[in-house]
>>> print(open('upload.cif').read())   # mmCIF, C-alpha atoms
data_input
loop_
_atom_site.label_atom_id
_atom_site.label_comp_id
_atom_site.auth_asym_id
_atom_site.auth_seq_id
_atom_site.Cartn_x
_atom_site.Cartn_y
_atom_site.Cartn_z
CA MET U 1 18.42 -35.58 6.19
CA GLU U 2 18.48 -33.97 9.65
CA MET U 3 16.36 -31.11 8.40
CA LYS U 4 13.85 -33.59 6.94
CA ARG U 5 13.60 -35.41 10.28
CA ASN U 6 13.05 -32.14 12.12
CA THR U 7 10.37 -31.12 9.64
CA THR U 8 8.65 -34.47 10.12
CA LYS U 9 8.75 -34.09 13.91
CA LEU U 10 7.33 -30.61 13.63
CA LEU U 11 4.49 -31.80 11.44
CA LEU U 12 3.71 -34.65 13.84
CA TRP U 13 3.74 -32.23 16.76
CA LEU U 14 1.41 -29.83 14.96
CA LEU U 15 -0.89 -32.70 14.05
CA MET U 16 -1.08 -33.82 17.70
CA PHE U 17 -1.60 -30.24 18.86
CA PHE U 18 -4.46 -29.56 16.47
CA SER U 19 -5.98 -32.98 17.21
CA ASP U 20 -6.02 -32.22 20.92
CA THR U 21 -7.39 -28.73 20.27
CA VAL U 22 -10.21 -30.05 18.08
CA ARG U 23 -11.02 -32.76 20.62
CA PHE U 24 -11.05 -30.20 23.46
CA SER U 25 -13.27 -27.89 21.40
CA TYR U 26 -15.63 -30.80 20.61
CA GLU U 27 -15.84 -31.91 24.25
CA LYS U 28 -16.40 -28.36 25.36
CA SER U 29 -19.15 -27.86 22.81
CA MET U 30 -20.91 -31.04 23.98
CA LYS U 31 -20.87 -29.82 27.57
CA GLU U 32 -22.04 -26.36 26.56
CA ARG U 33 -24.83 -27.81 24.43
CA ALA U 34 -25.99 -30.00 27.32
CA ILE U 35 -26.11 -27.05 29.72
CA GLU U 36 -27.86 -24.78 27.24
CA LEU U 37 -30.42 -27.49 26.54
CA MET U 38 -31.09 -28.02 30.25
CA GLN U 39 -31.35 -24.29 30.90
CA ASP U 40 -34.07 -24.17 28.28
CA THR U 41 -35.74 -27.47 29.21
CA ARG U 42 -35.32 -28.10 32.91
CA LEU U 43 -35.40 -31.65 34.12
CA ILE U 44 -38.34 -33.53 35.61
CA ASP U 45 -36.88 -36.17 37.93
CA GLY U 46 -39.29 -39.06 38.32
CA HIS U 47 -38.05 -40.24 41.71
CA ASN U 48 -36.16 -38.62 44.57
CA ASP U 49 -36.21 -39.71 48.23
CA PHE U 50 -34.89 -36.47 49.75
CA ALA U 51 -37.98 -36.13 51.95
CA LEU U 52 -37.42 -39.61 53.35
CA ARG U 53 -33.77 -38.84 54.14
CA LEU U 54 -34.83 -35.69 56.00
CA ARG U 55 -37.29 -37.73 58.00
CA ILE U 56 -34.63 -40.28 58.92
CA PHE U 57 -31.87 -37.79 59.73
CA TYR U 58 -33.90 -34.98 61.31
CA GLN U 59 -37.27 -36.54 62.25
CA ASN U 60 -38.97 -33.84 60.13
CA ARG U 61 -37.61 -31.01 62.30
CA LEU U 62 -36.91 -28.98 59.18
CA SER U 63 -36.54 -25.68 61.02
CA ARG U 64 -33.11 -26.96 62.05
CA VAL U 65 -32.01 -27.78 58.52
CA ASN U 66 -30.54 -25.56 55.82
CA LEU U 67 -32.14 -27.24 52.81
CA ARG U 68 -29.85 -25.33 50.47
CA GLU U 69 -26.65 -26.74 51.91
CA VAL U 70 -27.50 -29.90 53.88
CA ASN U 71 -24.57 -32.23 53.17
CA LYS U 72 -25.75 -35.62 54.42
CA THR U 73 -27.78 -36.22 51.29
CA HIS U 74 -27.39 -36.55 47.51
CA THR U 75 -29.92 -33.73 47.21
CA ASN U 76 -30.16 -30.15 48.40
CA LEU U 77 -31.50 -26.99 46.82
CA ALA U 78 -28.11 -25.81 45.58
CA LYS U 79 -27.39 -29.20 43.96
CA LEU U 80 -30.84 -29.28 42.35
CA GLN U 81 -30.25 -25.89 40.78
CA ALA U 82 -26.77 -26.91 39.63
CA GLY U 83 -28.35 -29.99 38.01
CA TYR U 84 -30.96 -27.86 36.21
CA VAL U 85 -33.87 -29.64 37.87
CA GLY U 86 -37.14 -27.96 36.92
CA ALA U 87 -38.68 -24.94 38.57
CA GLN U 88 -42.30 -23.82 38.34
CA GLU U 89 -45.01 -22.42 40.56
CA VAL U 90 -47.58 -25.22 40.84
CA TYR U 91 -50.96 -25.24 42.58
CA THR U 92 -54.24 -27.10 42.42
CA LYS U 93 -57.71 -25.73 41.86
CA ASP U 94 -60.93 -27.65 41.30
CA ARG U 95 -58.89 -30.84 41.09
CA GLU U 96 -56.94 -29.62 38.09
CA LEU U 97 -53.19 -29.10 38.14
CA GLN U 98 -52.49 -25.54 37.03
CA ALA U 99 -49.25 -23.93 36.01
CA GLY U 100 -47.72 -20.67 37.10
CA ILE U 101 -44.83 -18.86 35.50
CA SER U 102 -41.37 -20.35 35.09
CA ASP U 103 -38.95 -19.36 37.81
CA SER U 104 -35.53 -21.01 37.95
CA ARG U 105 -35.25 -20.08 41.64
CA ARG U 106 -38.00 -22.50 42.58
CA ILE U 107 -38.09 -26.30 42.69
CA ALA U 108 -41.56 -27.83 42.48
CA CYS U 109 -42.49 -31.25 43.87
CA LEU U 110 -45.39 -33.53 43.02
CA ILE U 111 -46.18 -35.82 45.94
CA GLY U 112 -46.23 -39.56 45.38
CA ILE U 113 -46.74 -42.70 47.47
CA GLU U 114 -44.13 -45.42 47.02
CA GLY U 115 -46.02 -48.60 47.78
CA GLY U 116 -49.69 -49.56 47.51
CA HIS U 117 -49.60 -50.96 51.05
CA SER U 118 -50.05 -47.32 52.11
CA ILE U 119 -53.74 -47.28 51.16
CA ASP U 120 -54.41 -50.30 53.44
CA SER U 121 -56.49 -51.99 50.71
CA SER U 122 -59.04 -49.15 50.74
CA LEU U 123 -60.24 -47.22 47.69
CA ALA U 124 -61.60 -44.56 50.06
CA THR U 125 -58.09 -44.05 51.43
CA LEU U 126 -56.76 -43.79 47.86
CA ARG U 127 -59.27 -41.00 47.21
CA MET U 128 -58.26 -39.21 50.42
CA TYR U 129 -54.63 -39.24 49.33
CA TYR U 130 -55.64 -37.73 46.01
CA ASP U 131 -57.55 -34.97 47.81
CA LEU U 132 -54.43 -34.32 49.92
CA GLY U 133 -52.42 -33.73 46.75
CA VAL U 134 -50.95 -37.15 45.91
CA ARG U 135 -50.66 -37.51 42.14
CA TYR U 136 -48.96 -40.87 41.66
CA MET U 137 -48.73 -44.18 43.46
CA THR U 138 -46.30 -47.06 43.00
CA LEU U 139 -48.52 -50.16 43.16
CA THR U 140 -45.98 -52.10 45.26
CA HIS U 141 -42.69 -51.47 46.98
CA SER U 142 -40.47 -54.35 48.15
CA CYS U 143 -43.27 -56.51 49.50
CA ASN U 144 -46.50 -57.90 48.09
CA THR U 145 -49.74 -56.23 49.06
CA PRO U 146 -52.93 -58.30 49.43
CA TRP U 147 -53.78 -57.26 45.87
CA SER U 148 -50.53 -56.81 43.92
CA GLU U 149 -47.23 -58.65 43.46
CA SER U 150 -43.84 -57.01 43.96
CA SER U 151 -40.70 -57.61 41.87
CA SER U 152 -38.65 -58.11 45.05
CA LYS U 153 -39.19 -61.83 45.48
CA GLY U 154 -37.88 -63.47 48.64
CA ILE U 155 -37.20 -60.33 50.65
CA HIS U 156 -40.44 -60.40 52.62
CA ASN U 157 -42.94 -63.07 53.48
CA PHE U 158 -46.14 -61.14 52.86
CA TYR U 159 -48.93 -62.63 50.74
CA PRO U 160 -46.79 -65.19 48.88
CA SER U 161 -49.77 -66.54 46.93
CA VAL U 162 -50.54 -63.20 45.22
CA ILE U 163 -49.64 -63.27 41.52
CA GLY U 164 -49.96 -60.10 39.45
CA LEU U 165 -53.09 -58.10 40.22
CA THR U 166 -56.04 -59.63 42.06
CA ALA U 167 -59.60 -58.58 41.26
CA PHE U 168 -59.30 -55.83 43.87
CA GLY U 169 -55.95 -54.75 42.40
CA GLN U 170 -57.66 -54.26 39.06
CA GLU U 171 -60.20 -52.01 40.78
CA VAL U 172 -57.33 -49.94 42.24
CA VAL U 173 -55.99 -49.34 38.72
CA LYS U 174 -59.44 -48.35 37.44
CA GLU U 175 -60.00 -45.97 40.35
CA MET U 176 -56.60 -44.35 39.75
CA ASN U 177 -57.66 -43.79 36.12
CA ARG U 178 -60.91 -42.22 37.29
CA LEU U 179 -59.13 -39.93 39.74
CA GLY U 180 -56.39 -38.88 37.34
CA MET U 181 -53.60 -40.41 39.42
CA LEU U 182 -50.46 -41.69 37.69
CA ILE U 183 -49.97 -45.46 37.92
CA ASP U 184 -46.33 -46.21 38.74
CA LEU U 185 -45.13 -49.74 37.92
CA SER U 186 -41.57 -49.56 39.27
CA HIS U 187 -41.05 -52.29 41.92
CA THR U 188 -43.93 -54.35 40.49
CA SER U 189 -43.53 -57.89 39.19
CA TYR U 190 -43.69 -58.80 35.50
CA SER U 191 -47.25 -60.13 35.97
CA THR U 192 -48.39 -57.00 37.81
CA ALA U 193 -46.94 -54.67 35.19
CA LYS U 194 -48.47 -56.66 32.32
CA ALA U 195 -51.89 -56.73 33.98
CA ALA U 196 -51.85 -53.01 34.79
CA LEU U 197 -50.86 -52.13 31.22
CA ASN U 198 -53.74 -54.27 29.91
CA ILE U 199 -56.27 -52.61 32.21
CA SER U 200 -55.24 -48.96 32.35
CA LYS U 201 -56.95 -46.57 29.95
CA ALA U 202 -54.32 -43.93 30.70
CA PRO U 203 -50.55 -43.98 30.10
CA VAL U 204 -48.53 -45.38 33.01
CA ILE U 205 -45.02 -44.66 34.26
CA PHE U 206 -42.10 -46.60 35.62
CA SER U 207 -40.74 -43.85 37.87
CA HIS U 208 -37.32 -45.42 38.51
CA SER U 209 -36.45 -48.54 36.50
CA SER U 210 -34.02 -49.55 33.76
CA ALA U 211 -33.64 -52.09 30.93
CA PHE U 212 -33.71 -55.81 31.81
CA SER U 213 -31.87 -56.72 28.60
CA ILE U 214 -28.87 -54.67 29.73
CA CYS U 215 -28.97 -55.84 33.36
CA ASN U 216 -31.25 -58.78 34.23
CA HIS U 217 -32.28 -57.43 37.62
CA SER U 218 -35.86 -57.98 38.81
CA ARG U 219 -36.33 -54.22 39.17
CA ASN U 220 -35.77 -53.70 35.44
CA VAL U 221 -38.23 -53.84 32.56
CA PRO U 222 -38.12 -56.62 29.89
CA ASP U 223 -38.38 -55.77 26.21
CA ASP U 224 -41.91 -57.10 25.74
CA ILE U 225 -43.15 -54.84 28.56
CA LEU U 226 -41.26 -51.91 26.97
CA GLN U 227 -43.09 -52.64 23.72
CA GLN U 228 -46.40 -52.75 25.57
CA LEU U 229 -45.46 -49.48 27.31
CA LYS U 230 -44.93 -47.86 23.91
CA LYS U 231 -48.44 -48.90 22.82
CA ASN U 232 -49.77 -47.51 26.11
CA LYS U 233 -47.91 -44.23 25.37
CA GLY U 234 -46.39 -44.33 28.85
CA ILE U 235 -42.78 -43.75 29.90
CA ILE U 236 -39.97 -45.45 31.75
CA MET U 237 -37.93 -42.98 33.80
CA VAL U 238 -34.49 -44.56 33.83
CA THR U 239 -32.94 -44.95 37.27
CA PHE U 240 -29.34 -44.17 38.25
CA ASN U 241 -29.17 -46.91 40.90
CA ALA U 242 -25.84 -48.63 40.15
CA ASN U 243 -27.05 -51.98 41.49
CA VAL U 244 -29.76 -52.27 38.83
CA LEU U 245 -27.67 -50.74 36.05
CA ALA U 246 -24.66 -53.05 36.10
CA CYS U 247 -25.66 -56.32 37.80
CA GLY U 248 -22.67 -56.49 40.11
CA ARG U 249 -20.01 -55.08 37.79
CA LYS U 250 -17.51 -52.98 39.73
CA VAL U 251 -17.11 -50.26 37.11
CA VAL U 252 -20.33 -48.30 36.70
CA ASN U 253 -20.15 -44.95 34.95
CA VAL U 254 -22.11 -42.54 32.77
CA SER U 255 -21.58 -44.81 29.78
CA THR U 256 -23.18 -47.73 31.67
CA LEU U 257 -26.29 -45.64 32.26
CA ALA U 258 -26.36 -44.37 28.67
CA ASP U 259 -26.40 -47.99 27.44
CA HIS U 260 -29.81 -48.39 29.11
CA PHE U 261 -31.09 -45.23 27.40
CA ASP U 262 -29.85 -46.45 24.01
CA HIS U 263 -31.48 -49.85 24.43
CA ILE U 264 -34.85 -48.49 25.55
CA LYS U 265 -34.80 -46.01 22.66
CA LYS U 266 -34.21 -48.92 20.26
CA ILE U 267 -37.12 -50.94 21.68
CA ALA U 268 -39.71 -48.31 22.63
CA GLY U 269 -38.53 -45.03 21.10
CA SER U 270 -37.16 -41.90 22.73
CA GLU U 271 -40.72 -40.69 23.40
CA SER U 272 -41.07 -43.51 25.97
CA ILE U 273 -38.14 -42.35 28.12
CA GLY U 274 -37.67 -40.05 31.11
CA ILE U 275 -35.25 -39.77 34.03
CA GLY U 276 -35.83 -41.14 37.55
CA GLY U 277 -32.58 -40.79 39.48
CA ASP U 278 -33.59 -42.37 42.83
CA TYR U 279 -31.14 -40.12 44.65
CA ASP U 280 -31.28 -40.48 48.44
CA GLY U 281 -33.12 -43.77 47.93
CA VAL U 282 -30.01 -45.92 47.43
CA GLU U 283 -26.33 -45.54 48.22
CA ARG U 284 -24.42 -46.34 45.01
CA PHE U 285 -24.51 -44.35 41.78
CA PRO U 286 -22.38 -44.35 38.62
CA GLU U 287 -19.04 -42.56 38.66
CA GLY U 288 -19.62 -38.99 37.55
CA LEU U 289 -23.27 -39.06 38.68
CA GLU U 290 -22.79 -38.95 42.45
CA ASP U 291 -25.60 -36.48 43.21
CA VAL U 292 -28.36 -34.44 41.57
CA SER U 293 -25.96 -31.72 40.41
CA LYS U 294 -24.44 -34.16 37.90
CA TYR U 295 -27.42 -34.59 35.55
CA PRO U 296 -25.77 -32.56 32.74
CA SER U 297 -23.11 -35.28 32.44
CA LEU U 298 -25.76 -37.74 31.22
CA ILE U 299 -27.16 -35.31 28.66
CA GLU U 300 -23.61 -34.61 27.45
CA GLU U 301 -23.02 -38.35 26.97
CA LEU U 302 -26.30 -38.81 25.07
CA LEU U 303 -25.46 -35.88 22.80
CA ARG U 304 -22.10 -37.51 22.13
CA ARG U 305 -23.94 -40.71 21.16
CA GLY U 306 -26.02 -38.89 18.57
CA TRP U 307 -29.25 -38.12 20.42
CA ASN U 308 -30.79 -34.97 18.97
CA GLU U 309 -32.13 -32.05 20.98
CA THR U 310 -35.79 -32.84 20.30
CA GLU U 311 -35.30 -36.35 21.71
CA LEU U 312 -33.48 -35.00 24.74
CA LYS U 313 -36.13 -32.37 25.45
CA GLY U 314 -38.59 -35.24 25.55
CA VAL U 315 -36.38 -37.19 27.95
CA LEU U 316 -35.84 -34.16 30.18
CA ARG U 317 -39.41 -32.98 30.43
CA ASP U 318 -41.79 -33.17 27.49
CA ASN U 319 -42.47 -36.93 27.57
CA PHE U 320 -43.59 -36.79 31.18
CA LEU U 321 -45.76 -33.71 30.59
CA ARG U 322 -47.49 -35.50 27.73
CA VAL U 323 -48.22 -38.49 29.98
CA PHE U 324 -49.51 -36.26 32.77
CA ARG U 325 -51.86 -34.44 30.40
CA GLU U 326 -53.15 -37.74 29.00
CA VAL U 327 -53.81 -39.07 32.52
CA GLU U 328 -55.84 -35.95 33.30
CA LYS U 329 -57.60 -36.24 29.94
CA VAL U 330 -58.71 -39.78 30.80
CA ARG U 331 -59.89 -38.48 34.17
CA ASN U 332 -61.93 -35.76 32.48
CA ILE U 333 -63.69 -38.14 30.10
CA SER U 334 -64.26 -40.60 32.97
CA GLY U 335 -66.36 -38.10 34.90
CA GLN U 336 -69.50 -40.16 34.50
CA MET U 337 -67.87 -43.32 35.85
CA ASP U 338 -69.14 -44.56 39.19
CA VAL U 339 -66.86 -44.10 42.17
CA GLY U 340 -65.12 -47.36 43.00
CA GLU U 341 -66.94 -49.11 45.86
CA SER U 342 -65.23 -52.49 45.80
CA GLU U 343 -63.98 -53.89 49.08
CA ILE U 344 -61.27 -56.49 49.48
CA PRO U 345 -62.45 -59.67 51.26
CA HIS U 346 -61.43 -59.47 54.89
CA GLU U 347 -59.78 -62.89 54.84
CA GLU U 348 -57.33 -61.68 52.16
CA VAL U 349 -55.86 -59.03 54.47
CA GLN U 350 -53.61 -60.72 57.02
CA ASN U 351 -50.75 -58.31 57.71
CA SER U 352 -49.07 -55.19 56.36
CA CYS U 353 -45.58 -53.95 55.68
CA ARG U 354 -43.94 -50.67 56.50
CA LEU U 355 -40.72 -48.73 56.21
CA ASP U 356 -38.34 -49.36 59.11
CA LEU U 357 -36.94 -45.96 60.07
CA HIS U 358 -34.97 -47.51 62.94
CA ASN U 359 -32.73 -49.24 60.42
CA ARG U 360 -30.51 -46.30 59.48
CA GLN U 361 -27.58 -48.27 58.14
CA PRO U 362 -26.76 -47.85 54.41
CA GLN U 363 -29.29 -49.77 52.39
CA THR U 364 -28.42 -53.05 50.77
CA ALA U 365 -28.91 -53.79 47.10
CA ARG U 366 -31.68 -56.23 47.97
CA SER U 367 -33.85 -54.18 50.26
CA PHE U 368 -34.30 -50.96 48.25
CA GLY U 369 -35.15 -49.01 51.38
CA PHE U 370 -36.91 -51.64 53.44
CA SER U 371 -35.49 -53.56 56.32
CA SER U 372 -34.59 -57.07 55.23
CA VAL U 373 -36.17 -58.50 58.38
CA SER U 374 -39.11 -60.71 57.53
CA LYS U 375 -41.68 -59.99 60.20
CA PRO U 376 -45.08 -58.30 60.40
CA PHE U 377 -45.02 -54.50 60.39
CA SER U 378 -47.72 -51.95 61.07
CA LEU U 379 -48.95 -49.67 58.31
CA THR U 380 -47.19 -46.48 57.33
CA VAL U 381 -46.84 -44.33 54.26
CA VAL U 382 -43.72 -44.14 52.15
CA VAL U 383 -43.76 -40.78 50.39
CA SER U 384 -41.41 -39.82 47.60
CA TYR U 385 -41.35 -36.69 45.53
CA LEU U 386 -41.58 -36.38 41.79
CA ILE U 387 -39.56 -33.24 41.19
CA MET U 388 -41.23 -31.60 38.29
CA TYR U 389 -41.65 -28.65 35.97
CA TYR U 390 -45.27 -28.45 34.79
CA GLU U 391 -46.30 -26.34 31.84
CA SER U 392 -49.80 -25.77 30.50
#
>>> encode(input="upload.cif", output="structure tokens")
Amino acid sequence: MEMKRNTTKLLLWLLMFFSDTVRFSYEKSMKERAIELMQDTRLIDGHNDFALRLRIFYQNRLSRVNLREVNKTHTNLAKLQAGYVGAQEVYTKDRELQAGISDSRRIACLIGIEGGHSIDSSLATLRMYYDLGVRYMTLTHSCNTPWSESSSKGIHNFYPSVIGLTAFGQEVVKEMNRLGMLIDLSHTSYSTAKAALNISKAPVIFSHSSAFSICNHSRNVPDDILQQLKKNKGIIMVTFNANVLACGRKVVNVSTLADHFDHIKKIAGSESIGIGGDYDGVERFPEGLEDVSKYPSLIEELLRRGWNETELKGVLRDNFLRVFREVEKVRNISGQMDVGESEIPHEEVQNSCRLDLHNRQPQTARSFGFSSVSKPFSLTVVVSYLIMYYES
């Protein structure tokens, strides 16, 4: 009897040992697969505010800053490389984005404007930004412009009567199509997003948003807009901002974020998804995703949930590259279109909004980078960087 009990204990011990070994081997293989995948298909991050943080902390005196090791931010060059963020030599020639050769030692950035207030209701200014290298613009930030409605209701007092896109706002969308500039609908209201999707002849992006059905935050995208986005062949680049992922829940982790990916895949397909971390734009991120070096943890979780490598290559890079090529294709076939000459009626422009760089306290969930003070501001530009790997 004693011998039988000992044999049973031994068998149970062996069973537990081999179970743990298999589980360890499985977990290890998931991590290895994620890293190998990202080494082969380096990430395009749809939204990163590193440049803004440098401006706030160092007033653009970059000669004083070691960008590889700066530790006040979620982003630095070493962390970007550890997170397998894309690297490519990129330049422009004759208004066409060209590609150089892949080089994992380089991190390329596509300049974007976060907030249509930055063009001061001027199509000529929009064209000047394009000529300076800007390749995407978020139609609103956290305040209405005279021609477009923001999703951040109640934060600011600007242009409260604007709903969706005005007639001039529609002309902005058309001119962005003609130029070959990506239309970014993050931070826009439901009405603005729906109108832009109806008007745009090119695919659009949400550079840093998530799924409204998972967290009913105004910054997130409802299912019917996701379905419209699929028809448009655009993408939503899912944000890591904990405040819009979990709607106030205290525990926010990689699984919370992956739930948004799973839902959007169900509604719009994996081809409609990218990644837009919003690092250095907000303060709170999911556990295990504290900075840009942690991106492989998300890919590991999605592999564990059954996403295949083709889907994940799309999420990491290929979906965005397809959208970018389509935007430039629309530009090329729009060459005979007249340059936009519309002007906004003077009486519709009463005040402007701007980023408050004097407010250097950690940002609140409501403000998303803007001071929560409701008062007139003078015009400025909010520039973010789309960190990208571009391949011809």
>>> residues_around(input="upload.cif", residues="stretch 75-85 of chain U", least_positions_apart="2", cutoff="8 Å", atoms="only C-alpha atoms", output="ChimeraX atom specification")
/U:38-39,42-45,50,67-71,73,87,104-105,107,279-280,291-296,387-388
>>> resolve_selection(input="upload.cif", expression="the PyMOL selection byres ((chain U and resi 264-272) around 7)", output="PyMOL selection string")
chain U and resi 211+223+226-227+230+233-236+260-263+273+311+314+319
>>> residues_around(input="upload.cif", residues="stretch 193-207 of chain U", least_positions_apart="4", cutoff="7 Å", atoms="all atoms listed in the file", output="PyMOL selection string")
chain U and resi 46-47+164-165+173-174+177+182-186+188-189+225+232-237+276+323+326-327+330
>>> residues_near_point(input="upload.cif", point="(-60.0, -50.0, 55.5)", cutoff="12 Å", atoms="only C-alpha atoms", output="PDB file with C-alpha atoms, keeping the file's coordinate frame")
ATOM      1  CA  HIS U 117     -49.600 -50.960  51.050  1.00  0.00           C
ATOM      2  CA  SER U 118     -50.050 -47.320  52.110  1.00  0.00           C
ATOM      3  CA  ILE U 119     -53.740 -47.280  51.160  1.00  0.00           C
ATOM      4  CA  ASP U 120     -54.410 -50.300  53.440  1.00  0.00           C
ATOM      5  CA  SER U 121     -56.490 -51.990  50.710  1.00  0.00           C
ATOM      6  CA  SER U 122     -59.040 -49.150  50.740  1.00  0.00           C
ATOM      7  CA  LEU U 123     -60.240 -47.220  47.690  1.00  0.00           C
ATOM      8  CA  ALA U 124     -61.600 -44.560  50.060  1.00  0.00           C
ATOM      9  CA  THR U 125     -58.090 -44.050  51.430  1.00  0.00           C
ATOM     10  CA  LEU U 126     -56.760 -43.790  47.860  1.00  0.00           C
ATOM     11  CA  GLU U 341     -66.940 -49.110  45.860  1.00  0.00           C
ATOM     12  CA  SER U 342     -65.230 -52.490  45.800  1.00  0.00           C
ATOM     13  CA  GLU U 343     -63.980 -53.890  49.080  1.00  0.00           C
ATOM     14  CA  ILE U 344     -61.270 -56.490  49.480  1.00  0.00           C
ATOM     15  CA  PRO U 345     -62.450 -59.670  51.260  1.00  0.00           C
ATOM     16  CA  HIS U 346     -61.430 -59.470  54.890  1.00  0.00           C
ATOM     17  CA  VAL U 349     -55.860 -59.030  54.470  1.00  0.00           C
ATOM     18  CA  LEU U 379     -48.950 -49.670  58.310  1.00  0.00           C
TER      19      LEU U 379
END
>>> residues_around(input="upload.cif", residues="U:Leu303", least_positions_apart="4", cutoff="10 Å", atoms="all atoms listed in the file", output="ChimeraX atom specification")
/U:30-31,33-34,297-299,307-309,311-312
>>> residues_around(input="upload.cif", residues="U:Arg127", least_positions_apart="4", cutoff="9 Å", atoms="all atoms listed in the file", output="count of residues only")
7
>>> closest_residue(input="upload.cif", among="U:Met137, U:Ile214, U:Leu229, U:Met337", to="U:Arg249", atoms="all atoms listed in the file")
U:Ile214
>>> residues_around(input="upload.cif", residues="U:Leu245", least_positions_apart="6", cutoff="7 Å", atoms="only C-alpha atoms", output="PyMOL selection string")
chain U and resi 210+215+256-257
>>> closest_residue(input="upload.cif", among="U:Arg55, U:His217, U:Arg325, U:Arg305", to="U:Ala242", atoms="only C-alpha atoms")
U:His217
>>> atom_distance(input="upload.cif", atom1="atom CA of U:Ser191", atom2="atom CA of U:Val162")
10.3 Å
>>> atom_distance(input="upload.cif", atom1="atom CA of U:Thr41", atom2="atom CA of U:Lys313")
6.2 Å
>>> closest_residue(input="upload.cif", among="U:Asn241, U:Ser209, U:Asn253, U:Thr310", to="U:Glu283", atoms="only C-alpha atoms")
U:Asn241
>>> atom_distance(input="upload.cif", atom1="atom CA of U:His187", atom2="atom CA of U:Asp318")
24.0 Å
>>> closest_residue(input="upload.cif", among="U:Gln59, U:Asn243, U:Thr138, U:Asn144", to="U:Pro160", atoms="all atoms listed in the file")
U:Asn144
>>> closest_residue(input="upload.cif", among="U:Cys143, U:His74, U:Phe168, U:Phe158", to="U:Arg284", atoms="all atoms listed in the file")
U:His74
>>> closest_residue(input="upload.cif", among="U:Trp147, U:Val339, U:Ala51, U:Thr166", to="U:Gly112", atoms="all atoms listed in the file")
U:Ala51
>>> decode(input="upload.cif", residues="stretch 228-239 of chain U", atoms="N, CA and C atoms", output="PDB file, in the first residue's frame")
ATOM      1  N   GLN U 228     -17.985  51.369 -41.525  1.00  0.00           N
ATOM      2  CA  GLN U 228     -17.789  52.343 -42.603  1.00  0.00           C
ATOM      3  C   GLN U 228     -16.305  52.468 -42.942  1.00  0.00           C
ATOM      4  N   LEU U 229     -15.456  52.381 -41.909  1.00  0.00           N
ATOM      5  CA  LEU U 229     -14.009  52.433 -42.118  1.00  0.00           C
ATOM      6  C   LEU U 229     -13.543  51.255 -42.969  1.00  0.00           C
ATOM      7  N   LYS U 230     -14.112  50.092 -42.732  1.00  0.00           N
ATOM      8  CA  LYS U 230     -13.767  48.914 -43.533  1.00  0.00           C
ATOM      9  C   LYS U 230     -14.097  49.148 -45.001  1.00  0.00           C
ATOM     10  N   LYS U 231     -15.273  49.700 -45.287  1.00  0.00           N
ATOM     11  CA  LYS U 231     -15.653  50.006 -46.669  1.00  0.00           C
ATOM     12  C   LYS U 231     -14.720  51.040 -47.290  1.00  0.00           C
ATOM     13  N   ASN U 232     -14.254  51.976 -46.480  1.00  0.00           N
ATOM     14  CA  ASN U 232     -13.319  53.001 -46.923  1.00  0.00           C
ATOM     15  C   ASN U 232     -11.915  52.441 -47.138  1.00  0.00           C
ATOM     16  N   LYS U 233     -11.643  51.247 -46.598  1.00  0.00           N
ATOM     17  CA  LYS U 233     -10.338  50.584 -46.639  1.00  0.00           C
ATOM     18  C   LYS U 233      -9.290  51.328 -45.823  1.00  0.00           C
ATOM     19  N   GLY U 234      -9.769  52.063 -44.799  1.00  0.00           N
ATOM     20  CA  GLY U 234      -8.859  52.758 -43.898  1.00  0.00           C
ATOM     21  C   GLY U 234      -8.482  51.882 -42.721  1.00  0.00           C
ATOM     22  N   ILE U 235      -7.812  52.477 -41.724  1.00  0.00           N
ATOM     23  CA  ILE U 235      -7.393  51.712 -40.551  1.00  0.00           C
ATOM     24  C   ILE U 235      -7.591  52.520 -39.269  1.00  0.00           C
ATOM     25  N   ILE U 236      -7.816  51.783 -38.196  1.00  0.00           N
ATOM     26  CA  ILE U 236      -7.803  52.347 -36.852  1.00  0.00           C
ATOM     27  C   ILE U 236      -6.551  51.823 -36.158  1.00  0.00           C
ATOM     28  N   MET U 237      -5.711  52.729 -35.706  1.00  0.00           N
ATOM     29  CA  MET U 237      -4.456  52.380 -35.043  1.00  0.00           C
ATOM     30  C   MET U 237      -4.730  52.451 -33.543  1.00  0.00           C
ATOM     31  N   VAL U 238      -4.841  51.279 -32.943  1.00  0.00           N
ATOM     32  CA  VAL U 238      -5.377  51.154 -31.585  1.00  0.00           C
ATOM     33  C   VAL U 238      -4.416  51.784 -30.577  1.00  0.00           C
ATOM     34  N   THR U 239      -4.985  52.637 -29.713  1.00  0.00           N
ATOM     35  CA  THR U 239      -4.169  53.365 -28.742  1.00  0.00           C
ATOM     36  C   THR U 239      -3.951  52.561 -27.476  1.00  0.00           C
TER      37      THR U 239
END
